[in-house]
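The structure appears right after this line, and notes come after that.
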Amino acid sequence: MTKHRLGQRLTHIACLLSLWAGAMACGEGHLEAPGAAAPVDGLETRTARQSPAFTEDLFYDNCPTASVAQGPTLYVSKSGPRDPSKPLGSDLNPYSTIMAAVKAARPGNIILVRQGDYNEQVAITAPKGARPGTATAPIVLRGEQAGRPRILPAATNVGSLVHISQPYWVVQFFEVDVRERPSFAVLFENTTTCSQVLDSKLHGGRAGAGVVTSYADFVLIDDNEIYDFSKQNTDSHGVAIRGVTRNVFIVENDIHDVSGDAVQCQPNGGRPAVILVERNRLHDTGENGVDVKACDDLLLHENKIYNFPNLAKYPWQANTSAAEGVLVHEDATNVQILYNEIWNAGRGISIGGNNVIDMPVNVQIEGNHVHDIYDYAKRNNGQGIRIVKARGVTLLGNIIERTYDAGLRLAADPPNAVPGLLVYKNTLRDMRLFVRLGARAYRPGLGMDLNRYEGASGVFTITDELWEGSHARWRAVLAPLYLDQFSERIIPSSRPKELTDDEGARRSRVSRQPRPR
């Protein structure tokens, strides 16, 4: 997919998400926001599933893999052999430091680093003498798989043990042990086009993050374990995406035991955009799983996100967050949260907040499984999905189970409003409170139907209209607005056919009538 096609795709997604909020014109026409939801016959466009705006293929459509490097191999070894009759950097006369090989490498070279401890900063930067790779001849810096080499701090502290600011470099099969120094493990900065860190263990830092992308473009962080990054009394994130960073792909990593968020996206003199967080395990952090601030075009897809917060290791974070699996706030735009599993968190997914700058726009929440959500710190948390303040949010086909508070809390935080909210085909199961819906004034253009509510008990609340009522009362109150009229209430039963609570009520009335003699 070219950058032009990506732009078209993202614009299409933005149009679809904001269609009913009246937020933008799509194509040649313009649709106004409806004042109330339409009957079920008009739901086809509202409930159509949307595919991810982009995938990891976008990276490889623009960037080479390590296998494209076909040049000579340069060798690095701490232990030799040292045959001065052989060329320096050869198998029989390897370089003794990684940086010596980095400075010697040219496009297409593969640097093979043998096992051992290398106490040095690996600076793939022009000031340190590193050359750029090319699209047809990347440079590969690869550790020996049989005995993964370790990059360790030298005597002097540096900003990052691995610093990449040259394009077309692939770093693979290393352990980067920061040894409790105030340094990042890896920093991607500035001209990083198509540079990658793969298959590595990154741990032990005491700076603000483990891996940082800053004003970078086309970065791949794939199949790494990132852990044990903390900073006393503050945050240290697993991966931090900052500034005018573009096209960052965070794929199949295990990110855990950091004092901040597993992944955080935040502005810094500009806004990050086009971020993929896919098929990762994000867990046991001091704050949240994913924290999205003022970022654009971000996709969270098929991640496992669980166990927040980790106060056993980071007790100073007890009052800094609601321990959310996913938090999208400030003025983030075009966010897709698709097919993730989220559990053991203070909230599953939260959109918006109470700050003046909080107004995310165009957020698609689809196909997620959110379960076992608890009231962290007994502060009225425990919601499966909470929409506080946003415009153009779609909730479609999610499964939410076993939440302490409402499975869905929607536009129920006045005076915050959520215009253009769509809620269709979700399943809520085994909870005391299925939905807490805000007052009409705070949910203009709401569309809601075809949802399924399962469990032996469970009630519904609508601000100023219904307090912990049954499904029948819920539907009756919403009937004038054509909201949730085709939803189902399923009550488990030992009988062959499950009854909705409406059917159960009718059956009870019939059974109480006197039998004819």
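Labeling convention for the structure tokens: chains A, B, ... as they appear, residues from 1 per chain, ligands from 1 in order of appearance.
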
Polymer residues at most 8 Å from His283 of chain A, only C-alpha atoms, same-chain spacing of 4 or more positions, as a list in words:
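Result of the neighbour search: Ile255, His256, Asp257, Ala262, Gly289, Lys304, Ile305, Tyr306, Asn307 and Phe308 of chain A.
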
Can you work out the spacing between atom CA of Asp405 of chain A and atom CA of Asn280 of chain A in Å, to one decimal?
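Computing it gives 27.3 Å between the two atoms.
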
Restricting the calculation to only C-alpha atoms: of A:Leu450, A:Leu152, A:Ala135, A:Val418, which residue gets closest to Tyr118 of chain A?
A:Leu152

Could you list, as JSON, numbers by chain, every residue within 7 Å of Glu252 of chain A, counting only C-alpha atoms and ignoring same-chain residues fewer than 5 positions away?
{"A": [222, 223, 278, 279, 280]}

Can you pull out every residue within 6 Å of segment 236-249 of chain A, counting only C-alpha atoms, but drop anything in the same chain fewer than 6 positions away, and send it as a tab-separated table (two decimals) with all heavy atoms, in the first residue's frame?
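around-v8.tsv, freshly written:
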chain	number	residue	atom	x	y	z
A	208	GLY	N	12.80	7.54	31.12
A	208	GLY	CA	11.37	7.69	30.90
A	208	GLY	C	10.71	6.63	30.05
A	208	GLY	O	9.49	6.62	29.93
A	209	ALA	N	11.49	5.74	29.45
A	209	ALA	CA	10.90	4.70	28.60
A	209	ALA	C	11.96	3.65	28.26
A	209	ALA	O	13.17	3.88	28.44
A	209	ALA	CB	10.32	5.29	27.32
A	210	GLY	N	11.49	2.52	27.74
A	210	GLY	CA	12.41	1.51	27.24
A	210	GLY	C	12.80	1.77	25.80
A	210	GLY	O	13.99	1.80	25.46
A	211	VAL	N	11.79	1.97	24.95
A	211	VAL	CA	12.01	2.27	23.53
A	211	VAL	C	11.30	3.58	23.23
A	211	VAL	O	10.12	3.74	23.57
A	211	VAL	CB	11.48	1.15	22.62
A	211	VAL	CG1	11.69	1.50	21.15
A	211	VAL	CG2	12.15	-0.18	22.96
A	212	VAL	N	12.00	4.50	22.58
A	212	VAL	CA	11.43	5.82	22.25
A	212	VAL	C	11.55	6.05	20.75
A	212	VAL	O	12.61	5.80	20.16
A	212	VAL	CB	12.15	6.93	23.01
A	212	VAL	CG1	11.63	8.31	22.60
A	212	VAL	CG2	11.99	6.75	24.52
A	213	THR	N	10.46	6.52	20.14
A	213	THR	CA	10.52	7.03	18.77
A	213	THR	C	10.24	8.52	18.82
A	213	THR	O	9.22	8.94	19.35
A	213	THR	CB	9.49	6.32	17.86
A	213	THR	OG1	8.17	6.65	18.28
A	213	THR	CG2	9.67	4.81	17.91
A	214	SER	N	11.16	9.31	18.31
A	214	SER	CA	11.06	10.76	18.41
A	214	SER	C	11.35	11.39	17.05
A	214	SER	O	12.47	11.26	16.53
A	214	SER	CB	12.05	11.28	19.46
A	214	SER	OG	11.98	12.68	19.58
A	215	TYR	N	10.34	12.00	16.45
A	215	TYR	CA	10.48	12.62	15.13
A	215	TYR	C	11.03	11.60	14.12
A	215	TYR	O	11.84	11.92	13.27
A	215	TYR	CB	11.36	13.86	15.21
A	215	TYR	CG	10.71	14.99	15.97
A	215	TYR	CD1	10.72	15.01	17.36
A	215	TYR	CD2	10.03	16.00	15.30
A	215	TYR	CE1	10.09	16.02	18.06
A	215	TYR	CE2	9.40	17.01	16.00
A	215	TYR	CZ	9.43	17.02	17.38
A	215	TYR	OH	8.78	18.02	18.06
A	216	ALA	N	10.56	10.37	14.25
A	216	ALA	CA	11.02	9.27	13.40
A	216	ALA	C	9.96	8.95	12.36
A	216	ALA	O	8.81	9.37	12.47
A	216	ALA	CB	11.31	8.05	14.26
A	217	ASP	N	10.34	8.17	11.35
A	217	ASP	CA	9.41	7.80	10.29
A	217	ASP	C	9.72	6.39	9.82
A	217	ASP	O	10.87	6.03	9.57
A	217	ASP	CB	9.52	8.77	9.12
A	217	ASP	CG	8.42	8.57	8.09
A	217	ASP	OD1	7.41	7.92	8.41
A	217	ASP	OD2	8.57	9.08	6.96
A	218	PHE	N	8.66	5.58	9.70
A	218	PHE	CA	8.76	4.17	9.29
A	218	PHE	C	9.73	3.40	10.18
A	218	PHE	O	10.88	3.14	9.83
A	218	PHE	CB	9.12	4.06	7.81
A	218	PHE	CG	7.91	4.11	6.93
A	218	PHE	CD1	7.61	5.26	6.22
A	218	PHE	CD2	7.04	3.03	6.85
A	218	PHE	CE1	6.46	5.33	5.43
A	218	PHE	CE2	5.90	3.09	6.06
A	218	PHE	CZ	5.60	4.23	5.35
A	219	VAL	N	9.21	3.04	11.35
A	219	VAL	CA	9.96	2.28	12.36
A	219	VAL	C	9.20	1.00	12.64
A	219	VAL	O	7.98	1.02	12.81
A	219	VAL	CB	10.12	3.11	13.65
A	219	VAL	CG1	10.59	2.25	14.80
A	219	VAL	CG2	11.08	4.28	13.42
A	220	LEU	N	9.92	-0.11	12.74
A	220	LEU	CA	9.32	-1.40	13.10
A	220	LEU	C	9.95	-1.90	14.40
A	220	LEU	O	11.17	-2.04	14.50
A	220	LEU	CB	9.54	-2.42	11.99
A	220	LEU	CG	9.02	-3.84	12.27
A	220	LEU	CD1	7.51	-3.85	12.47
A	220	LEU	CD2	9.42	-4.79	11.13
A	229	PHE	N	11.46	-1.37	33.12
A	229	PHE	CA	11.82	0.04	32.96
A	229	PHE	C	11.00	0.82	33.99
A	229	PHE	O	9.77	0.75	34.01
A	229	PHE	CB	11.54	0.54	31.54
A	229	PHE	CG	12.49	-0.03	30.54
A	229	PHE	CD1	12.18	-1.18	29.84
A	229	PHE	CD2	13.73	0.57	30.33
A	229	PHE	CE1	13.07	-1.73	28.93
A	229	PHE	CE2	14.64	0.02	29.42
A	229	PHE	CZ	14.31	-1.13	28.73
A	230	SER	N	11.67	1.53	34.85
A	230	SER	CA	10.96	2.28	35.88
A	230	SER	C	11.76	3.52	36.24
A	230	SER	O	12.98	3.58	36.05
A	230	SER	CB	10.73	1.42	37.12
A	230	SER	OG	11.95	1.09	37.74
A	258	VAL	N	6.70	-2.31	33.58
A	258	VAL	CA	7.23	-0.95	33.46
A	258	VAL	C	6.38	-0.05	34.34
A	258	VAL	O	5.21	-0.33	34.58
A	258	VAL	CB	7.24	-0.46	31.99
A	258	VAL	CG1	8.11	-1.35	31.13
A	258	VAL	CG2	5.83	-0.39	31.41
A	259	SER	N	6.94	1.04	34.84
A	259	SER	CA	6.22	1.83	35.84
A	259	SER	C	5.16	2.74	35.25
A	259	SER	O	4.31	3.25	35.98
A	259	SER	CB	7.21	2.66	36.68
A	259	SER	OG	7.83	3.67	35.91
A	260	GLY	N	5.17	2.94	33.94
A	260	GLY	CA	4.15	3.77	33.30
A	260	GLY	C	3.19	2.92	32.50
A	260	GLY	O	2.62	1.94	33.00
A	261	ASP	N	2.97	3.28	31.23
A	261	ASP	CA	2.09	2.55	30.32
A	261	ASP	C	2.93	1.58	29.47
A	261	ASP	O	4.10	1.84	29.19
A	261	ASP	CB	1.36	3.51	29.40
A	261	ASP	CG	0.66	4.63	30.15
A	261	ASP	OD1	-0.04	4.32	31.13
A	261	ASP	OD2	0.81	5.80	29.76
A	262	ALA	N	2.31	0.51	29.01
A	262	ALA	CA	3.03	-0.37	28.08
A	262	ALA	C	3.35	0.38	26.79
A	262	ALA	O	4.48	0.32	26.29
A	262	ALA	CB	2.20	-1.62	27.79
A	263	VAL	N	2.38	1.11	26.25
A	263	VAL	CA	2.58	1.95	25.07
A	263	VAL	C	1.93	3.29	25.33
A	263	VAL	O	0.76	3.35	25.74
A	263	VAL	CB	1.98	1.31	23.80
A	263	VAL	CG1	2.14	2.24	22.60
A	263	VAL	CG2	2.61	-0.05	23.51
A	264	GLN	N	2.66	4.36	25.08
A	264	GLN	CA	2.08	5.70	25.18
A	264	GLN	C	2.40	6.49	23.92
A	264	GLN	O	3.53	6.48	23.43
A	264	GLN	CB	2.60	6.47	26.39
A	264	GLN	CG	1.86	7.81	26.55
A	264	GLN	CD	2.37	8.64	27.71
A	264	GLN	OE1	3.23	9.49	27.54
A	264	GLN	NE2	1.80	8.42	28.90
A	265	CYS	N	1.38	7.17	23.41
A	265	CYS	CA	1.53	8.04	22.25
A	265	CYS	C	1.19	9.46	22.69
A	265	CYS	O	0.09	9.71	23.19
A	265	CYS	CB	0.59	7.58	21.14
A	265	CYS	SG	0.70	8.53	19.62
A	266	GLN	N	2.13	10.41	22.50
A	266	GLN	CA	1.91	11.76	23.01
A	266	GLN	C	2.57	12.80	22.11
A	266	GLN	O	3.58	12.52	21.47
A	266	GLN	CB	2.46	11.89	24.43
A	266	GLN	CG	3.97	11.72	24.53
A	266	GLN	CD	4.46	11.86	25.96
A	266	GLN	OE1	3.77	11.53	26.90
A	266	GLN	NE2	5.67	12.36	26.11
A	267	PRO	N	1.99	13.99	22.05
A	267	PRO	CA	2.60	15.05	21.24
A	267	PRO	C	3.80	15.66	21.96
A	267	PRO	O	3.92	15.58	23.18
A	267	PRO	CB	1.47	16.08	21.12
A	267	PRO	CG	0.69	15.90	22.39
A	267	PRO	CD	0.75	14.44	22.71
A	268	ASN	N	4.68	16.22	21.17
A	268	ASN	CA	5.83	16.94	21.72
A	268	ASN	C	6.35	17.86	20.61
A	268	ASN	O	7.24	17.49	19.86
A	268	ASN	CB	6.91	15.97	22.19
A	268	ASN	CG	8.11	16.68	22.81
A	268	ASN	OD1	8.00	17.83	23.22
A	268	ASN	ND2	9.24	16.01	22.86
A	269	GLY	N	5.77	19.03	20.51
A	269	GLY	CA	6.11	19.91	19.40
A	269	GLY	C	5.48	19.49	18.10
A	269	GLY	O	5.78	20.03	17.05
A	270	GLY	N	4.59	18.54	18.13
A	270	GLY	CA	3.91	18.01	16.96
A	270	GLY	C	3.21	16.72	17.34
A	270	GLY	O	3.36	16.21	18.45
A	271	ARG	N	2.41	16.17	16.41
A	271	ARG	CA	1.55	15.03	16.72
A	271	ARG	C	2.02	13.77	16.01
A	271	ARG	O	2.23	13.79	14.79
A	271	ARG	CB	0.11	15.34	16.29
A	271	ARG	CG	-0.50	16.54	16.98
A	271	ARG	CD	-1.79	16.94	16.29
A	271	ARG	NE	-2.83	15.93	16.42
A	271	ARG	CZ	-3.79	15.96	17.34
A	271	ARG	NH1	-3.82	16.96	18.23
A	271	ARG	NH2	-4.71	15.03	17.39
A	272	PRO	N	2.16	12.66	16.73
A	272	PRO	CA	2.42	11.39	16.06
A	272	PRO	C	1.21	10.95	15.23
A	272	PRO	O	0.06	11.29	15.55
A	272	PRO	CB	2.67	10.42	17.21
A	272	PRO	CG	2.98	11.28	18.40
A	272	PRO	CD	2.19	12.53	18.19
A	273	ALA	N	1.47	10.18	14.19
A	273	ALA	CA	0.38	9.71	13.33
A	273	ALA	C	0.77	8.40	12.65
A	273	ALA	O	1.94	8.14	12.41
A	273	ALA	CB	0.03	10.76	12.28
A	274	VAL	N	-0.26	7.63	12.32
A	274	VAL	CA	-0.15	6.32	11.66
A	274	VAL	C	0.67	5.37	12.54
A	274	VAL	O	1.85	5.11	12.32
A	274	VAL	CB	0.44	6.42	10.24
A	274	VAL	CG1	0.27	5.07	9.53
A	274	VAL	CG2	-0.23	7.53	9.44
A	275	ILE	N	0.01	4.87	13.57
A	275	ILE	CA	0.63	4.00	14.57
A	275	ILE	C	-0.13	2.68	14.59
A	275	ILE	O	-1.36	2.67	14.74
A	275	ILE	CB	0.58	4.62	15.98
A	275	ILE	CG1	1.02	6.10	15.96
A	275	ILE	CG2	1.39	3.80	16.95
A	275	ILE	CD1	2.43	6.33	15.54
A	276	LEU	N	0.57	1.57	14.44
A	276	LEU	CA	-0.02	0.25	14.55
A	276	LEU	C	0.51	-0.45	15.79
A	276	LEU	O	1.72	-0.58	15.97
A	276	LEU	CB	0.33	-0.60	13.32
A	276	LEU	CG	-0.11	-2.07	13.37
A	276	LEU	CD1	-1.63	-2.18	13.36
A	276	LEU	CD2	0.49	-2.86	12.20

DSSP alpha helix (DSSP H) selection over segment 20-186 of chain A, as a list of chain:residue names:
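Reading the DSSP output for segment 20-186 of chain A, alpha helix (DSSP H) covers A:Asp57, A:Leu58, A:Phe59, A:Tyr60, A:Asp61, A:Asn62, A:Ile98, A:Met99, A:Ala100, A:Ala101, A:Val102, A:Lys103, A:Ala104.
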
Please give the complete set of residues from segment 193-433 of chain A that DSSP, run on the backbone, assigns to strand (DSSP E or B), formatted as a PyMOL selection string.
chain A and resi 195-198+201-203+209-214+217-222+225-229+231+234+237-242+246-251+254-258+263-266+273-278+281-283+290-292+296-301+304-306+324-328+333-338+341-343+347-351+361-366+369-373+385-387+391-396+399-403+408-410+422-424+427-429+433

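Across A:Ala479, A:Ala137, A:Ala412, A:Val370, the tightest approach to Arg429 of chain A is made by A:Val370 when counting only C-alpha atoms.
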
All residues 9 Å or closer to Gly397 of chain A, only C-alpha atoms, same chain fewer than 2 positions away omitted, as a short mmCIF file (atom, residue, chain, number, x, y, z; two decimals) with C-alpha atoms, in the first residue's frame:
data_model
loop_
_atom_site.label_atom_id
_atom_site.label_comp_id
_atom_site.auth_asym_id
_atom_site.auth_seq_id
_atom_site.Cartn_x
_atom_site.Cartn_y
_atom_site.Cartn_z
CA THR A 47 -23.64 -1.99 11.68
CA ARG A 49 -18.00 -4.04 10.04
CA ILE A 365 -14.38 0.11 19.07
CA GLU A 366 -15.23 -3.22 17.49
CA GLY A 367 -14.99 -6.92 18.25
CA ASN A 368 -13.18 -6.56 21.57
CA LEU A 395 -19.23 0.49 19.55
CA ILE A 399 -18.35 -8.80 24.22
CA VAL A 423 -23.87 1.30 19.87
CA TYR A 424 -24.85 -1.85 17.99
CA LYS A 425 -24.64 -5.65 18.25
CA ASN A 426 -22.73 -5.75 21.55
CA THR A 427 -23.11 -8.59 24.06
CA ASN A 451 -27.54 -5.45 21.63
#

For Leu421 of chain A, please output as JSON, numbers by chain all residues within 8 Å (counting only C-alpha atoms; exclusion window: fewer than 4 positions along the same chain).
{"A": [20, 21, 391, 392, 393, 394, 395, 443, 444, 445, 446, 447]}

May I have the selected residues written with N, CA, C and O atoms, as an mmCIF file, in the first residue's frame?
data_model
loop_
_atom_site.group_PDB
_atom_site.id
_atom_site.type_symbol
_atom_site.label_atom_id
_atom_site.label_comp_id
_atom_site.auth_asym_id
_atom_site.auth_seq_id
_atom_site.Cartn_x
_atom_site.Cartn_y
_atom_site.Cartn_z
ATOM 1 N N TRP A 20 -22.512 9.712 11.175
ATOM 2 C CA TRP A 20 -23.738 10.071 11.875
ATOM 3 C C TRP A 20 -23.551 11.210 12.853
ATOM 4 O O TRP A 20 -24.503 11.679 13.458
ATOM 5 N N ALA A 21 -22.326 11.633 13.018
ATOM 6 C CA ALA A 21 -22.090 12.802 13.878
ATOM 7 C C ALA A 21 -22.166 14.090 13.094
ATOM 8 O O ALA A 21 -22.117 15.166 13.659
ATOM 9 N N ARG A 391 -16.521 12.638 19.982
ATOM 10 C CA ARG A 391 -17.429 12.847 18.862
ATOM 11 C C ARG A 391 -17.217 11.765 17.819
ATOM 12 O O ARG A 391 -16.093 11.512 17.384
ATOM 13 N N GLY A 392 -18.306 11.097 17.434
ATOM 14 C CA GLY A 392 -18.205 10.087 16.395
ATOM 15 C C GLY A 392 -17.587 8.788 16.875
ATOM 16 O O GLY A 392 -16.637 8.283 16.273
ATOM 17 N N VAL A 393 -18.126 8.214 17.964
ATOM 18 C CA VAL A 393 -17.634 6.944 18.497
ATOM 19 C C VAL A 393 -18.590 5.830 18.080
ATOM 20 O O VAL A 393 -19.811 5.981 18.180
ATOM 21 N N THR A 394 -18.030 4.706 17.640
ATOM 22 C CA THR A 394 -18.815 3.533 17.273
ATOM 23 C C THR A 394 -18.428 2.363 18.156
ATOM 24 O O THR A 394 -17.250 2.019 18.251
ATOM 25 N N LEU A 395 -19.422 1.722 18.791
ATOM 26 C CA LEU A 395 -19.233 0.487 19.546
ATOM 27 C C LEU A 395 -20.001 -0.600 18.817
ATOM 28 O O LEU A 395 -21.229 -0.551 18.748
ATOM 29 N N ARG A 443 -26.207 13.242 24.675
ATOM 30 C CA ARG A 443 -25.978 12.181 23.691
ATOM 31 C C ARG A 443 -26.749 12.459 22.396
ATOM 32 O O ARG A 443 -27.482 11.605 21.896
ATOM 33 N N PRO A 444 -26.601 13.635 21.812
ATOM 34 C CA PRO A 444 -27.332 13.933 20.574
ATOM 35 C C PRO A 444 -26.911 13.000 19.447
ATOM 36 O O PRO A 444 -25.741 12.671 19.287
ATOM 37 N N GLY A 445 -27.896 12.565 18.665
ATOM 38 C CA GLY A 445 -27.594 11.700 17.529
ATOM 39 C C GLY A 445 -27.266 10.278 17.907
ATOM 40 O O GLY A 445 -26.695 9.536 17.101
ATOM 41 N N LEU A 446 -27.635 9.842 19.117
ATOM 42 C CA LEU A 446 -27.339 8.481 19.541
ATOM 43 C C LEU A 446 -28.076 7.470 18.676
ATOM 44 O O LEU A 446 -29.265 7.610 18.399
ATOM 45 N N GLY A 447 -27.353 6.441 18.253
ATOM 46 C CA GLY A 447 -27.945 5.273 17.604
ATOM 47 C C GLY A 447 -27.608 4.044 18.416
ATOM 48 O O GLY A 447 -26.446 3.831 18.773
#

Restricting the calculation to only C-alpha atoms: of A:Asn288, A:Val388, A:Val178, A:Ile400, which residue gets closest to Ala345 of chain A?
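The answer is A:Asn288, which sits nearest to Ala345 of chain A.
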
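Counting only C-alpha atoms, Asp254 of chain A has the following residues at most 7 Å away, ignoring those fewer than 3 positions along the same chain: Asn224, Glu225, Ile226, Asn280, Arg281 and Leu282 of chain A.
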
Selected residues, C-alpha atoms, written as an mmCIF file, in the first residue's frame, please.
data_model
loop_
_atom_site.group_PDB
_atom_site.id
_atom_site.type_symbol
_atom_site.label_atom_id
_atom_site.label_comp_id
_atom_site.auth_asym_id
_atom_site.auth_seq_id
_atom_site.Cartn_x
_atom_site.Cartn_y
_atom_site.Cartn_z
ATOM 1 C CA ASN A 224 10.854 -8.091 21.389
ATOM 2 C CA GLU A 225 10.504 -8.531 25.133
ATOM 3 C CA ILE A 226 10.506 -5.089 26.768
ATOM 4 C CA ASN A 280 1.264 -7.637 21.478
ATOM 5 C CA ARG A 281 1.020 -8.780 25.091
ATOM 6 C CA LEU A 282 0.742 -5.630 27.222
#

Have a look at atom CA of Thr461 of chain A and atom CA of Glu488 of chain A and let me know their distance in Å, one decimal.
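One can read the atom CA of Thr461 of chain A to atom CA of Glu488 of chain A distance as 16.5 Å.
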
Residue with the minimum atom-to-atom distance to Leu74 of chain A, picked from A:Ala130, A:Ile221, A:Leu483, A:Val113 with only C-alpha atoms counted, is A:Val113
